[in-house]
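**Q** Dropping a structure here in structure tokens format, bear with me for questions.
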Amino acid sequence: MRKIEHIGIAVKSLEVSNVLFEKLFGQPPYKEEEVASEGVKTSFFMNGPNKIELLEATNPDSPIAKFLEKKGEGIHHIAFDVNDINEEVIRLKKEGFVILNEIPKKGADNKLVVFLHPKGTNGVLIELCQEIK
Ligand SMILES: C[C@@H](C(=O)O)C(=O)SCCNC(=O)CCNC(=O)[C@H](O)C(C)(C)COP(=O)(O)OP(=O)(O)OC[C@H]1O[C@@H](n2cnc3c(N)ncnc32)[C@H](O)[C@@H]1OP(=O)(O)O
Ligand SMILES: [Co+2]
């Protein structure tokens with residue numbers, strides 16, 4: 001596991017929060033992308049070397065819709081950049097972490113992603129990301 005790839009923030013409205021985060025960082029999102037398989041619409045901001053992902057739900061079954069219902073807007077997950085996602089899944093499984101999808105799926109911004117259940121990581125949803133080359 002290398003550096004933090006991004007921090008994901010659940011928002012009710014991407015349109016509203018894009019304006020807010022543009023004011024915060026002094027620059028607009030560099031990308032907006034829908035990931036239908038995850039039920040999310042995302043936007044990405046770079047702040048120096050750091051990346052923030054805003055997530056809006058696109059349907060009521062979306063993990064983001066459920067999160068907003070239970071906890072409201074706020075930090076939803078922390079994503080870590082990994083070199084070999086399949087190797088990391090094997091390693092973390094051996095360590096006893098609960099892997100939500102053992103087969104990496106296509107995320108946003110050209111990444112393969114795997115999630116670890118927050119119950120096994122002190123209440124923090126962890127995403128692993130490997131860049132698709
Ligand atoms: C596009 C992509 C990308 O970057 O490329 C993305 O990020 S997509 C980001 C959106 N996609 C995902 O999040 C996919 C992975 N997430 C999931 O599979 C799900 O959201 C789960 C994490 C399993 C949670 O779903 P659900 O609430 O239905 O499941 P559950 O019944 O197993 O677990 C419920 C318990 O987990 C807690 N819980 C739910 N979401 C949480 C979160 N984000 N952080 C911390 N805790 C969380 C609930 O409050 C509840 O706690 P209590 O029991 O204490 O009440
Ligand atoms: Co993410």
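For the structure tokens, the naming scheme is as follows: chains receive sequential letters (A, B, ...) according to their order of presentation, residues are indexed from 1 within each chain, and ligands are indexed from 1 in presentation order.
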Name each residue within 8 Å of ligand 2, counting only C-alpha atoms and all ligand atoms, as a PyMOL selection string.

**A** chain A and resi 6-8+53+77-79+107-108+127

**Q** Using only C-alpha atoms and all ligand atoms, what table do you get, as CSV, when you list each residue of chain A with an atom no more than 7 Å from ligand 1, its nearest pair of atoms, and their distance in Å rounded to one decimal, rows by chain then rising number?

**A**
residue,atom,partner,partner_atom_place_in_ligand_line,distance
A:Gly8,CA,ligand 1,7 (O),6.2
A:Val35,CA,ligand 1,1 (C),5.7
A:Glu38,CA,ligand 1,11 (N),5.3
A:Val40,CA,ligand 1,8 (S),6.5
A:Thr42,CA,ligand 1,1 (C),6.9
A:Glu53,CA,ligand 1,4 (O),6.9
A:Pro63,CA,ligand 1,20 (O),4.2
A:Ile64,CA,ligand 1,10 (C),6.0
A:Lys66,CA,ligand 1,27 (O),6.3
A:Phe67,CA,ligand 1,40 (N),5.4
A:Lys70,CA,ligand 1,49 (O),6.2
A:Lys71,CA,ligand 1,49 (O),7.0
A:His76,CA,ligand 1,43 (N),4.2
A:His77,CA,ligand 1,43 (N),5.5
A:Leu100,CA,ligand 1,18 (O),6.0
A:Gly107,CA,ligand 1,5 (O),3.4
A:Ala108,CA,ligand 1,5 (O),3.7
A:Asp109,CA,ligand 1,5 (O),6.4
A:Lys111,CA,ligand 1,5 (O),6.2
A:Val113,CA,ligand 1,5 (O),6.3
A:Phe115,CA,ligand 1,15 (C),5.4
A:His117,CA,ligand 1,22 (C),5.3
A:Pro118,CA,ligand 1,45 (C),5.2
A:Lys119,CA,ligand 1,36 (O),6.3
A:Gly123,CA,ligand 1,45 (C),4.8
A:Val124,CA,ligand 1,45 (C),4.7
A:Leu125,CA,ligand 1,44 (N),4.5

**Q** As a list in words, please: all residues of segment 56-92 of chain A that backbone DSSP puts in alpha helix (DSSP H).

**A**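 After running DSSP on the backbone, segment 56-92 of chain A has alpha helix (DSSP H) at Pro63, Ile64, Ala65, Lys66, Phe67, Leu68, Glu69, Lys70, Lys71, Ile85, Asn86, Glu87, Glu88, Val89, Ile90, Arg91 and Leu92 of chain A.
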
**Q** Write out the residues from the selection above, keeping N, CA, C and O atoms, as a PDB file, in the first residue's frame.

**A**
ATOM      1  N   PRO A  63     -24.740   2.941  -2.279  1.00  0.00           N
ATOM      2  CA  PRO A  63     -24.101   3.030  -0.953  1.00  0.00           C
ATOM      3  C   PRO A  63     -24.110   4.464  -0.426  1.00  0.00           C
ATOM      4  O   PRO A  63     -24.174   4.677   0.793  1.00  0.00           O
ATOM      5  N   ILE A  64     -24.051   5.418  -1.320  1.00  0.00           N
ATOM      6  CA  ILE A  64     -24.026   6.831  -0.884  1.00  0.00           C
ATOM      7  C   ILE A  64     -25.400   7.254  -0.356  1.00  0.00           C
ATOM      8  O   ILE A  64     -25.490   7.977   0.649  1.00  0.00           O
ATOM      9  N   ALA A  65     -26.468   6.790  -0.980  1.00  0.00           N
ATOM     10  CA  ALA A  65     -27.821   7.113  -0.501  1.00  0.00           C
ATOM     11  C   ALA A  65     -28.010   6.557   0.911  1.00  0.00           C
ATOM     12  O   ALA A  65     -28.503   7.249   1.811  1.00  0.00           O
ATOM     13  N   LYS A  66     -27.550   5.302   1.104  1.00  0.00           N
ATOM     14  CA  LYS A  66     -27.700   4.670   2.426  1.00  0.00           C
ATOM     15  C   LYS A  66     -26.876   5.406   3.476  1.00  0.00           C
ATOM     16  O   LYS A  66     -27.309   5.604   4.608  1.00  0.00           O
ATOM     17  N   PHE A  67     -25.671   5.779   3.106  1.00  0.00           N
ATOM     18  CA  PHE A  67     -24.764   6.486   4.019  1.00  0.00           C
ATOM     19  C   PHE A  67     -25.373   7.835   4.433  1.00  0.00           C
ATOM     20  O   PHE A  67     -25.353   8.206   5.602  1.00  0.00           O
ATOM     21  N   LEU A  68     -25.920   8.568   3.454  1.00  0.00           N
ATOM     22  CA  LEU A  68     -26.507   9.885   3.741  1.00  0.00           C
ATOM     23  C   LEU A  68     -27.688   9.743   4.700  1.00  0.00           C
ATOM     24  O   LEU A  68     -27.857  10.562   5.606  1.00  0.00           O
ATOM     25  N   GLU A  69     -28.466   8.682   4.504  1.00  0.00           N
ATOM     26  CA  GLU A  69     -29.617   8.428   5.374  1.00  0.00           C
ATOM     27  C   GLU A  69     -29.178   8.198   6.816  1.00  0.00           C
ATOM     28  O   GLU A  69     -29.745   8.732   7.745  1.00  0.00           O
ATOM     29  N   LYS A  70     -28.109   7.357   6.966  1.00  0.00           N
ATOM     30  CA  LYS A  70     -27.668   6.968   8.311  1.00  0.00           C
ATOM     31  C   LYS A  70     -26.820   8.029   8.981  1.00  0.00           C
ATOM     32  O   LYS A  70     -26.958   8.308  10.151  1.00  0.00           O
ATOM     33  N   LYS A  71     -25.872   8.584   8.221  1.00  0.00           N
ATOM     34  CA  LYS A  71     -24.861   9.440   8.862  1.00  0.00           C
ATOM     35  C   LYS A  71     -24.874  10.883   8.372  1.00  0.00           C
ATOM     36  O   LYS A  71     -24.234  11.730   8.972  1.00  0.00           O
ATOM     37  N   ILE A  85      -3.195  -4.846  -6.999  1.00  0.00           N
ATOM     38  CA  ILE A  85      -4.412  -4.946  -6.182  1.00  0.00           C
ATOM     39  C   ILE A  85      -4.732  -6.401  -5.824  1.00  0.00           C
ATOM     40  O   ILE A  85      -5.184  -6.681  -4.713  1.00  0.00           O
ATOM     41  N   ASN A  86      -4.464  -7.330  -6.740  1.00  0.00           N
ATOM     42  CA  ASN A  86      -4.761  -8.743  -6.450  1.00  0.00           C
ATOM     43  C   ASN A  86      -3.859  -9.281  -5.338  1.00  0.00           C
ATOM     44  O   ASN A  86      -4.308 -10.021  -4.468  1.00  0.00           O
ATOM     45  N   GLU A  87      -2.602  -8.869  -5.376  1.00  0.00           N
ATOM     46  CA  GLU A  87      -1.660  -9.267  -4.314  1.00  0.00           C
ATOM     47  C   GLU A  87      -2.102  -8.706  -2.957  1.00  0.00           C
ATOM     48  O   GLU A  87      -2.027  -9.396  -1.937  1.00  0.00           O
ATOM     49  N   GLU A  88      -2.575  -7.462  -2.969  1.00  0.00           N
ATOM     50  CA  GLU A  88      -3.028  -6.821  -1.727  1.00  0.00           C
ATOM     51  C   GLU A  88      -4.260  -7.531  -1.180  1.00  0.00           C
ATOM     52  O   GLU A  88      -4.388  -7.714   0.029  1.00  0.00           O
ATOM     53  N   VAL A  89      -5.172  -7.942  -2.070  1.00  0.00           N
ATOM     54  CA  VAL A  89      -6.368  -8.664  -1.626  1.00  0.00           C
ATOM     55  C   VAL A  89      -5.955  -9.958  -0.928  1.00  0.00           C
ATOM     56  O   VAL A  89      -6.442 -10.274   0.161  1.00  0.00           O
ATOM     57  N   ILE A  90      -5.019 -10.684  -1.513  1.00  0.00           N
ATOM     58  CA  ILE A  90      -4.543 -11.948  -0.914  1.00  0.00           C
ATOM     59  C   ILE A  90      -3.914 -11.673   0.445  1.00  0.00           C
ATOM     60  O   ILE A  90      -4.216 -12.330   1.442  1.00  0.00           O
ATOM     61  N   ARG A  91      -3.046 -10.658   0.485  1.00  0.00           N
ATOM     62  CA  ARG A  91      -2.350 -10.323   1.738  1.00  0.00           C
ATOM     63  C   ARG A  91      -3.349  -9.914   2.829  1.00  0.00           C
ATOM     64  O   ARG A  91      -3.280 -10.412   3.960  1.00  0.00           O
ATOM     65  N   LEU A  92      -4.303  -9.036   2.494  1.00  0.00           N
ATOM     66  CA  LEU A  92      -5.230  -8.511   3.503  1.00  0.00           C
ATOM     67  C   LEU A  92      -6.243  -9.569   3.950  1.00  0.00           C
ATOM     68  O   LEU A  92      -6.672  -9.582   5.095  1.00  0.00           O
TER      69      LEU A  92
END

**Q** Which of these residues is nearest to Lys31 of chain A, using only C-alpha atoms: A:Ala10, A:Asn110, A:Ile132, A:Lys93?

**A**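 Looking at the shortest contact to Lys31 of chain A, the residue is A:Asn110.
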
**Q** In Å to one decimal, how far is atom CA of Glu73 of chain A from atom CA of Lys41 of chain A?

**A**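 Distance reported for this atom pair: 14.8 Å.
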
**Q** Kindly give the distance, in Å, that separates atom CA of Lys3 of chain A and atom CA of Pro49 of chain A, rounded to a single decimal.

**A**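 If I compute the distance from atom CA of Lys3 of chain A to atom CA of Pro49 of chain A, I get 10.5 Å.
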
**Q** Quick one: DSSP strand (DSSP E or B) residues in chain A, as a ChimeraX atom specification?

**A** /A:4-10,31-35,40-47,50-57,74-81,99,105-106,111-116,126-131

**Q** Given only C-alpha atoms as the basis, pick out the residue of A:Val82, A:Ala57, A:Met46, A:Ile126 nearest to Phe25 of chain A.

**A**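 Selected residue with least distance to Phe25 of chain A: A:Met46.
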
**Q** Excluding Leu20 of chain A and any residue of its chain fewer than 6 positions from it, enumerate the residues within 12 Å of it, using only C-alpha atoms, and give them as a list in words.

**A**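 Near Leu20 of chain A, the qualifying residues are Val11, Ser13, Leu14, Gly26, Gln27, Pro28, Pro29, Phe45 and Leu54 of chain A.
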